[in-house]
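Novice: This structure is in C-alpha cells; I'll ask about it shortly.
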Amino acid sequence: MKMKFPSLKKSLVCTSIVVSSLGVGYACGGGDWDWPLSSHFTPEIFVPKSFENFNYSSSSYFYNTHSVMGEMHNYNDDNVAEWRTYLNNKYTTEKLKNLMYAQDSGASFEAVYEKMKKGNKGVVDGLDLNDTKTRNFVIYMYTTQMLEQFSNQEVDYWDYKPQKRSKVDLPQSIKKNFDSVTNDAFLKNRYWFLTLRSYFYSDDPQKVISFFDETQAAQPKNSLYYRGWNYVGGVYKKNKNYAKANYVFAQVFDNAVGMRSLSNNDFKPQSETDFNQSLQLAKTPKEKIALWSVLGYYKDEFRSMQEIYALDPKSEHLDYLLVRSVNIYESGNTAFAEKEKGSGANAQYKKRIAADLDKKKLEFIQKVAQSKNTHNPQLWLTAAGYLSTMKGNYSEATKFLGEASKIGNSNADFKNQLRLLNYLNTLLQVEKMNEKSIQSIMGDFKWLVADLNTKYTYEDSFRFQQAVEFSKQYISNVYSADKNMLMAELFVPNSPFLDANENLEQLKKLMNNPGKSNWESLALSQYPHKLGDILRFQVVQLVYNDQLDAAVALSKQIPADQDVILLGNPFNGKIKDCNDCDHMAKQSVKYNVQSLLAKMKDMKTNIDQGIDVYNNAMLLGNAYYNMSYFGNARYFYQTTIYNSRYDLHSKSNNAEFNTNLASKYYTLALKQATDDEQRAKMQYMLAKTQRNSFYYDTYFKSGTYYGYPEPIFKAWDGFKELKSKYANTKYYKEVINECGYFRTYLKK
C-alpha cells in the first residue's frame with residue numbers, strides 16, 4: 001500500500017465559512033455545589049456515570065462538567081489504546097500519549113514526517129520508520145495536525161482585505177488517502193472520520209452528508225462512526241433541517257457516551273412538527289427512545305417517561321429522567337418558606353408541597369414502581385416512596401420504601417438514602433413532641449446530625465445537609481405550636497428569644513441540669529450557644545447597662561475555656577483609633593473578660609472613695625470606649641449570640657455603638673482635671689464619642705447601610721472647646737499632628 005504524502009504549507013488561510021455543530025453555546029459548571037443544600041434525593045446513587053451531566057442542576061446547564069468542550073478529550077485514552085494495538089504494542093502507552101497529545105506534538109510529528117519524506121529510515125525520535133505501520137501512524141498524525149490548523153484558523157476582522165484561501169485542497173488530499181487504503185480496515189476507518197471532519201470545515205460542508213451516506217454502511221459502529229455522524233447533524237442544523245439534525249443528535253447521544261453533552265447541546269427542536277418528523281425518521285423503538293430522552297431533558301420529562309416506558313420499560317433513559325423529575329420537584333419543596341416557620345407552619349408546608357406534586361405524575365411513578373419491570377426497580381420504588389411522603393400518603397410511602405429495601409443492594413450510599421427517606425416519612429407524621437414521637441425519630445435524628453457529618457464531607461455527593469436543616473425547622477415548629485419556646489429555640493435559634501433574661505435563665509437551668517433527658521442533651525448538642533456564651537452575653541448586657549458589680553460576679557461563672565483574651569489594651573485612649581495598631585502593640589498585661597471587669601470594678605471603687613478620680617475616670621472611659629464597636633476590645637461583646645452589628649436583635653441593636661458610658665466617665669474626668677493638658681485630652685475624647693454618636697444615628701442604625709460615607713466635618717463640642725481654650729497645650733499640637741479630621745475642621 002502506498003500512501004499519498006500531503007503537501008501543505010504550515011500556515012493556512014481561514015475557510016470562507018465555518019460551520020459549528022456545537023450549537024449556541026457551552027455550559028459552565030464544575031459540580032453542582034449548591035444542591036446538597038436543597039435536596040434530599042441523591043442522583044449519583046441511581047444514575048449511571050454516562051448520564052450524570054443530565055441530572056437536574058439549579059445553577060448550570062449541565063450538572064457536573066466545566067464545559068461541553070471537555071468532551072472532546074473523552075476519547076483520548078481510547079484513541080491511544082487503539083493505536084497501540086494497531087502498532088502491535090511496539091510503543092508504550094505513555095510514549096504514544098505524549099506523541100499524540102502533548103502540547104508540542106504537532107511540531108514533533110512534523111519533524112519526523114519531514115525526515116521520513118527525505119528517505120530517512122531507522123529510529124527517528126523514538127519511532128521506527130522501518131516499520132510500515134509506524135510510517136502509517138506518522139503520516140496520519142501529521143495529517144491530523146494539519147487539519148487542526150485548517151479547522152481552527154481565525155479571521156482577522158480588522159483586516160478588510162478579502163480573505164484568500166490556500167491553494168491546497170486539504171479535504172481532497174485526505175479523501176485520496178481514504179480511497180488509497182484498501183487492506184487496512186483500522187487505518188481506513190480513521191481516514192474516513194478525518195475526511196468527514198475536513199469536509200465539515202471546508203468551503204463545501206454539504207459533502208459531509210453525501211460522503212457519509214455513500215460510505216457509512218462499510219464502517220464499524222464505533223466511536224469514530226458516531227463522532228463522524230455528529231458532523232452530519234451539524235450540517236443539517238446549518239441548513240435548518242432541524243428534523244434530520246435532531247434525529248442525528250439523538251442517536252449520537254444514545255450511542256456515543258463520550259459525546260452525550262455535545263450532542264445534547266446541539267439538539268434543538270424548533271416545534272412539535274419538526275420533532276414529530278424526527279420521530280418518523282426513527283427506524284426502531286431504540287431510536288425513538290433516544291429522541292424522547294433528549295427531549296425530556298429540555299421539556300416535559302413526564303411526557304417523555306411515559307413514551308419511553310411504552311416503548312421499552314427497561315430503558316436506562318427512564319432512570320435518569322425519573323431522577324431528574326424528582327430533583328426538579330424538590331427544587332422548591334425541601335425548605336420551609338419564611339411564612340412557614342413557627343406555630344402552625346408545618347401544616348402550611350405540607351399543604352403546599354402536596355399541591356405542587358402533579359397527581360398524574362405520581363400515579364404513573366407508583367404504577368411503574370409496582371410493576372417492577374424497569375431497568376432499576378429499586379430506584380422507582382424509592383422515588384415512589386419519597387414522593388408519596390411529599391404528597392402526604394405516609395402509609396403508601398412506607399410500603400414502597402419497604403419494597404425497595406427488599407431488593408439486594410450493598411451500596412452504603414443507597415442504604416443511607418433509604419434510611420433518610422424513611423426518617424423523613426416518619427418525621428412528617430409527627431404532630432406533637434411527646435415521648436412516643438420523640439422515640440420514633442431520635443435515633444435517626446442523631447444519625448443525621450452527628451454520624452453523617454463524620455462520614456461525608458461537603459465534596460461527597462450524598463445529600464443529607466438539607467435534611468438536617470429541614471428537621472430542625474420542622475421540630476422547632478412543632479414545639480412552637482405547643483408553646484414550648486425553650487425547645488423551639490434549641491432547634492432553631494431565634495434572636496428575640498434571647499432578649500428576655502428569663503429565657504436566658506431557662507437555658508442555663510437546662511444546661512446545668514444533670515438529669516436532662518437524652519433528647520434534651522441531643523438538642524443541646526446542636527444548639528450553637530453554649531453555657532459560656534449565655535453567661536458572656538448576660539455579662540455584656542450588664543456592663544452596657546452600667547451594672548458593673550453584677551457583671552463582675554456573673555463573669556466568675558464563665559468557664560475558663562470560653563473566656564477570651566482581648567487583643568489590645570482596653571485601657572488605652574489614643575488620639576487615632578487604630579485597632580490593628582493596638583493589637584500589634586506589645587502588651588505587658590493581657591486582659592480577658594474577667595480580669596478586665598475586675599480591674600474596672602477596682603477603678604470604680606477608687607472613684608467612689610475619691611482616690612485619684614481623674615485617672616480612674618479617664619481609664620474607665622477608655623475601657624467603655626474600647627468595649628464599643630469603635631474600640632480595640634470588640635472581642636468583649638463578640639459572642640456567638642452577639643457577634644456583630646448585623647446579627648443583633650431588636651432590643652439590643654445599638655448597644656455596641658453606644659459610647660454614653662465612655663462619655664460619662666470622660667465628663668467626670670474633665671471635672672476632676674487639674675491642668676489644661678488633662679482638660680484638653682478629655683475634650684478631645686468627648687469629641688470622639690460625639691462623632692461616633694452622629695455616625696451611628698445618621699447612618700448605621702438604619703440597618704441597610706454598608707460601608708462609610710465621605711467624612712463629614714462637624715464642629716463637635718469637644719473640638720470647639722479644644723480650639724478655643726486649649727490651643728496652648730502640648731496635647732493640642734499632638735492632636736493636630738495625628739488627627740487629619742481635626743486639621744480639616746480647623747481650616748473651615
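Chain identifiers are assigned as A, B, and so on, following the order in which chains appear in the C-alpha cells; residues are numbered from 1 within each chain, and ligands are numbered from 1 in order of appearance.
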Which residues come within 10 Å of stretch 323-325 of chain A, counting only C-alpha atoms, excluding same-chain residues fewer than 6 positions away, as a list in words?
Specialist: Phe41, Thr42, Pro43, Glu44, Ile45, Phe46, Val47, Phe54, Asn55, Tyr56, Ser57, Gly296, Tyr297, Asp300, Glu301, Phe302, Met305, Lys361, Leu379, Trp380 and Ala383 of chain A
Novice: Which value, in Å to one decimal, gives the distance between atom CA of A:Asn276 and atom CA of A:Ile308?
Specialist: 14.9 Å
Novice: Near A:Trp83, within 9 Å and counting only C-alpha atoms, which residues show up once chain neighbours fewer than 5 positions away are dropped, as a ChimeraX atom specification?
Specialist: /A:78,88-89,96,137
Novice: Could you write those residues out with N, CA and C atoms, as a CSV table (one decimal), in the first residue's frame?
Specialist:
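So result_23.csv came out as:
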chain,number,residue,atom,x,y,z
A,78,ASP,N,-8.9,6.1,24.7
A,78,ASP,CA,-9.3,5.0,23.8
A,78,ASP,C,-8.4,5.1,22.5
A,88,ASN,N,1.0,-3.0,17.3
A,88,ASN,CA,1.5,-4.3,17.9
A,88,ASN,C,2.2,-4.0,19.2
A,89,ASN,N,1.8,-3.1,20.0
A,89,ASN,CA,2.4,-2.8,21.3
A,89,ASN,C,3.9,-2.4,21.2
A,96,LEU,N,3.1,7.0,23.4
A,96,LEU,CA,2.1,7.4,22.4
A,96,LEU,C,1.2,8.6,22.9
A,137,PHE,N,1.3,5.6,10.9
A,137,PHE,CA,0.9,6.3,12.1
A,137,PHE,C,1.4,7.8,11.9
Novice: So which residues of stretch 128-348 of chain A fall under alpha helix (DSSP H) by DSSP, listed as a PyMOL selection string?
Specialist: chain A and resi 132-151+170-180+185-200+206-215+223-238+242-255+260-266+272-281+285-298+301-311+316-330+345-348
Novice: If you count only C-alpha atoms, which residues fall within 12 Å of A:Glu396, apart from same-chain ones fewer than 5 positions away, as a list of chain:residue names?
Specialist: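 Result of the neighbour search: A:Leu362, A:Glu363, A:Gln366, A:Ala369, A:Gln370, A:Leu381, A:Thr382, A:Ala383, A:Ala384, A:Gly385, A:Tyr386, A:Leu387, A:Ser388, A:Thr389, A:Met390, A:Lys391, A:Leu401, A:Gly402, A:Glu403, A:Asn422, A:Asn425.
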Novice: Keeping only all heavy atoms, write those residues as a short mmCIF file (atom, residue, chain, number, x, y, z; two decimals), in the first residue's frame.
Specialist:
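Saved file again.cif follows:
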data_model
loop_
_atom_site.label_atom_id
_atom_site.label_comp_id
_atom_site.auth_asym_id
_atom_site.auth_seq_id
_atom_site.Cartn_x
_atom_site.Cartn_y
_atom_site.Cartn_z
N LEU A 362 -47.37 11.35 39.86
CA LEU A 362 -47.17 10.45 40.99
C LEU A 362 -47.82 9.10 40.72
O LEU A 362 -47.22 8.05 41.00
CB LEU A 362 -47.75 11.07 42.26
CG LEU A 362 -47.69 10.19 43.51
CD1 LEU A 362 -46.25 9.83 43.85
CD2 LEU A 362 -48.36 10.90 44.70
N GLU A 363 -49.03 9.10 40.18
CA GLU A 363 -49.71 7.83 39.89
C GLU A 363 -48.93 7.00 38.88
O GLU A 363 -48.84 5.77 39.00
CB GLU A 363 -51.12 8.12 39.37
CG GLU A 363 -52.07 8.65 40.44
CD GLU A 363 -53.42 9.06 39.87
OE1 GLU A 363 -53.54 9.11 38.62
OE2 GLU A 363 -54.35 9.33 40.67
N GLN A 366 -45.84 5.57 40.67
CA GLN A 366 -46.23 4.49 41.57
C GLN A 366 -46.60 3.22 40.78
O GLN A 366 -46.24 2.10 41.18
CB GLN A 366 -47.43 4.94 42.42
CG GLN A 366 -47.08 5.99 43.46
CD GLN A 366 -48.30 6.49 44.20
OE1 GLN A 366 -49.41 6.50 43.67
NE2 GLN A 366 -48.11 6.91 45.45
N ALA A 369 -43.46 1.67 39.48
CA ALA A 369 -42.72 1.07 40.61
C ALA A 369 -43.33 -0.27 41.00
O ALA A 369 -42.62 -1.24 41.26
CB ALA A 369 -42.73 2.04 41.79
N GLN A 370 -44.65 -0.33 41.03
CA GLN A 370 -45.34 -1.58 41.41
C GLN A 370 -45.10 -2.69 40.40
O GLN A 370 -45.06 -3.87 40.76
CB GLN A 370 -46.84 -1.31 41.55
CG GLN A 370 -47.19 -0.49 42.78
CD GLN A 370 -48.62 0.02 42.75
OE1 GLN A 370 -49.26 0.06 41.70
NE2 GLN A 370 -49.13 0.42 43.92
N LEU A 381 -39.10 2.27 43.08
CA LEU A 381 -39.75 2.08 44.38
C LEU A 381 -39.34 3.18 45.37
O LEU A 381 -40.17 3.70 46.12
CB LEU A 381 -39.40 0.70 44.94
CG LEU A 381 -40.05 -0.49 44.23
CD1 LEU A 381 -39.35 -1.78 44.61
CD2 LEU A 381 -41.55 -0.56 44.56
N THR A 382 -38.07 3.52 45.34
CA THR A 382 -37.57 4.55 46.25
C THR A 382 -38.18 5.91 45.92
O THR A 382 -38.63 6.64 46.81
CB THR A 382 -36.03 4.64 46.18
OG1 THR A 382 -35.47 3.35 46.46
CG2 THR A 382 -35.50 5.66 47.17
N ALA A 383 -38.20 6.24 44.64
CA ALA A 383 -38.78 7.52 44.22
C ALA A 383 -40.27 7.57 44.54
O ALA A 383 -40.79 8.60 45.00
CB ALA A 383 -38.54 7.74 42.73
N ALA A 384 -40.97 6.46 44.29
CA ALA A 384 -42.40 6.41 44.59
C ALA A 384 -42.65 6.60 46.08
O ALA A 384 -43.59 7.30 46.49
CB ALA A 384 -42.99 5.08 44.11
N GLY A 385 -41.80 6.01 46.90
CA GLY A 385 -41.93 6.17 48.35
C GLY A 385 -41.69 7.60 48.79
O GLY A 385 -42.47 8.18 49.57
N TYR A 386 -40.63 8.20 48.29
CA TYR A 386 -40.29 9.58 48.66
C TYR A 386 -41.39 10.55 48.23
O TYR A 386 -41.85 11.39 49.03
CB TYR A 386 -38.96 9.94 48.00
CG TYR A 386 -38.52 11.38 48.20
CD1 TYR A 386 -38.70 12.04 49.41
CD2 TYR A 386 -37.90 12.07 47.16
CE1 TYR A 386 -38.28 13.35 49.58
CE2 TYR A 386 -37.47 13.37 47.32
CZ TYR A 386 -37.67 14.01 48.54
OH TYR A 386 -37.25 15.31 48.70
N LEU A 387 -41.85 10.44 46.99
CA LEU A 387 -42.88 11.35 46.50
C LEU A 387 -44.22 11.11 47.21
O LEU A 387 -45.00 12.05 47.40
CB LEU A 387 -43.03 11.21 44.99
CG LEU A 387 -41.81 11.65 44.17
CD1 LEU A 387 -42.06 11.44 42.68
CD2 LEU A 387 -41.44 13.10 44.45
N SER A 388 -44.48 9.88 47.62
CA SER A 388 -45.69 9.61 48.40
C SER A 388 -45.62 10.33 49.74
O SER A 388 -46.63 10.85 50.23
CB SER A 388 -45.86 8.10 48.60
OG SER A 388 -46.08 7.44 47.38
N THR A 389 -44.45 10.36 50.32
CA THR A 389 -44.27 11.13 51.55
C THR A 389 -44.60 12.60 51.33
O THR A 389 -45.34 13.22 52.10
CB THR A 389 -42.81 11.02 52.05
OG1 THR A 389 -42.55 9.67 52.46
CG2 THR A 389 -42.57 11.94 53.24
N MET A 390 -44.05 13.16 50.25
CA MET A 390 -44.27 14.58 49.97
C MET A 390 -45.74 14.87 49.66
O MET A 390 -46.22 15.99 49.90
CB MET A 390 -43.39 15.03 48.81
CG MET A 390 -41.90 14.79 49.02
SD MET A 390 -41.24 15.62 50.50
CE MET A 390 -40.74 17.20 49.80
N LYS A 391 -46.46 13.89 49.15
CA LYS A 391 -47.89 14.05 48.86
C LYS A 391 -48.73 13.88 50.13
O LYS A 391 -49.92 14.22 50.14
CB LYS A 391 -48.31 13.03 47.81
CG LYS A 391 -49.65 13.33 47.14
CD LYS A 391 -49.58 14.57 46.27
CE LYS A 391 -50.87 14.78 45.48
NZ LYS A 391 -50.83 16.02 44.67
N LEU A 401 -41.06 2.15 50.19
CA LEU A 401 -39.68 2.14 50.70
C LEU A 401 -39.33 0.77 51.26
O LEU A 401 -38.19 0.32 51.16
CB LEU A 401 -39.51 3.23 51.76
CG LEU A 401 -39.65 4.67 51.24
CD1 LEU A 401 -39.61 5.67 52.40
CD2 LEU A 401 -38.55 5.01 50.23
N GLY A 402 -40.33 0.10 51.85
CA GLY A 402 -40.09 -1.26 52.35
C GLY A 402 -39.79 -2.22 51.21
O GLY A 402 -38.90 -3.08 51.33
N GLU A 403 -40.52 -2.10 50.10
CA GLU A 403 -40.26 -2.95 48.94
C GLU A 403 -38.87 -2.67 48.37
O GLU A 403 -38.16 -3.59 47.95
CB GLU A 403 -41.32 -2.70 47.87
CG GLU A 403 -42.69 -3.28 48.19
CD GLU A 403 -42.66 -4.79 48.27
OE1 GLU A 403 -42.12 -5.42 47.34
OE2 GLU A 403 -43.16 -5.35 49.26
N ASN A 422 -36.97 7.17 54.83
CA ASN A 422 -37.85 6.59 55.85
C ASN A 422 -37.97 7.52 57.06
O ASN A 422 -39.06 7.68 57.62
CB ASN A 422 -37.32 5.22 56.30
CG ASN A 422 -37.83 4.08 55.42
OD1 ASN A 422 -39.04 3.89 55.27
ND2 ASN A 422 -36.91 3.33 54.83
N ASN A 425 -40.22 10.38 56.24
CA ASN A 425 -41.61 9.91 56.24
C ASN A 425 -42.16 9.83 57.66
O ASN A 425 -43.32 10.16 57.91
CB ASN A 425 -41.68 8.54 55.56
CG ASN A 425 -43.11 8.08 55.30
OD1 ASN A 425 -43.90 8.81 54.73
ND2 ASN A 425 -43.43 6.88 55.76
#
Novice: Have a look at A:Ala250, A:Val430, A:Leu187, A:Ala397 and name the one nearest to A:Gln219; count only C-alpha atoms.
Specialist: A:Leu187
Novice: Got a sec: who's within 10 Å of A:Ser38, counting only C-alpha atoms, leaving out chain neighbours fewer than 5 positions off, as a list in words?
Specialist: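 Selected residues are Ser58, Asn327, Glu330, Ser331, Gly332, Asn333, Thr334, Ala335, Arg463, Phe464, Gln465, Gln466, Ala467, Glu469 and Phe470 of chain A.
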Novice: With distances taken over only C-alpha atoms, which of A:Ala500, A:Leu524, A:Asn654, A:Lys133 is nearest to A:Asp697?
Specialist: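 When distances to A:Asp697 are compared using only C-alpha atoms, the smallest one comes from A:Asn654.
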Novice: Kindly give the distance, in Å, that separates atom CA of A:Lys681 and atom CA of A:Asn632, rounded to a single decimal.
Specialist: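 Interatomic distance, atom CA of A:Lys681 to atom CA of A:Asn632: 18.8 Å.
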Novice: Which neighbours of stretch 488-493 of chain A fall inside 8 Å, counting only C-alpha atoms, when residues of the same chain fewer than 4 positions from it are skipped, and could you give them as number ranges by chain?
Specialist: A: 472-473, 475-480, 484, 497, 523-524, 526-527
Novice: Show me, as a ChimeraX atom specification, the residues that have an atom within 9 Å of A:Glu721 when counting only C-alpha atoms, minus same-chain residues fewer than 6 positions from it.
Specialist: /A:680,683-684
Novice: Next, dump the selected residues to file, keeping only C-alpha atoms, as a PDB file, in the first residue's frame.
Specialist:
ATOM      1  CA  ALA A 680      -7.563  69.175  76.525  1.00  0.00           C
ATOM      2  CA  GLN A 683     -12.327  67.408  75.430  1.00  0.00           C
ATOM      3  CA  TYR A 684     -10.826  65.503  72.537  1.00  0.00           C
TER       4      TYR A 684
END
Novice: What does the structure give for the distance between atom CA of A:His40 and atom CA of A:Leu522, in Å to one decimal?
Specialist: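 Separation of atom CA of A:His40 and atom CA of A:Leu522: 22.3 Å.
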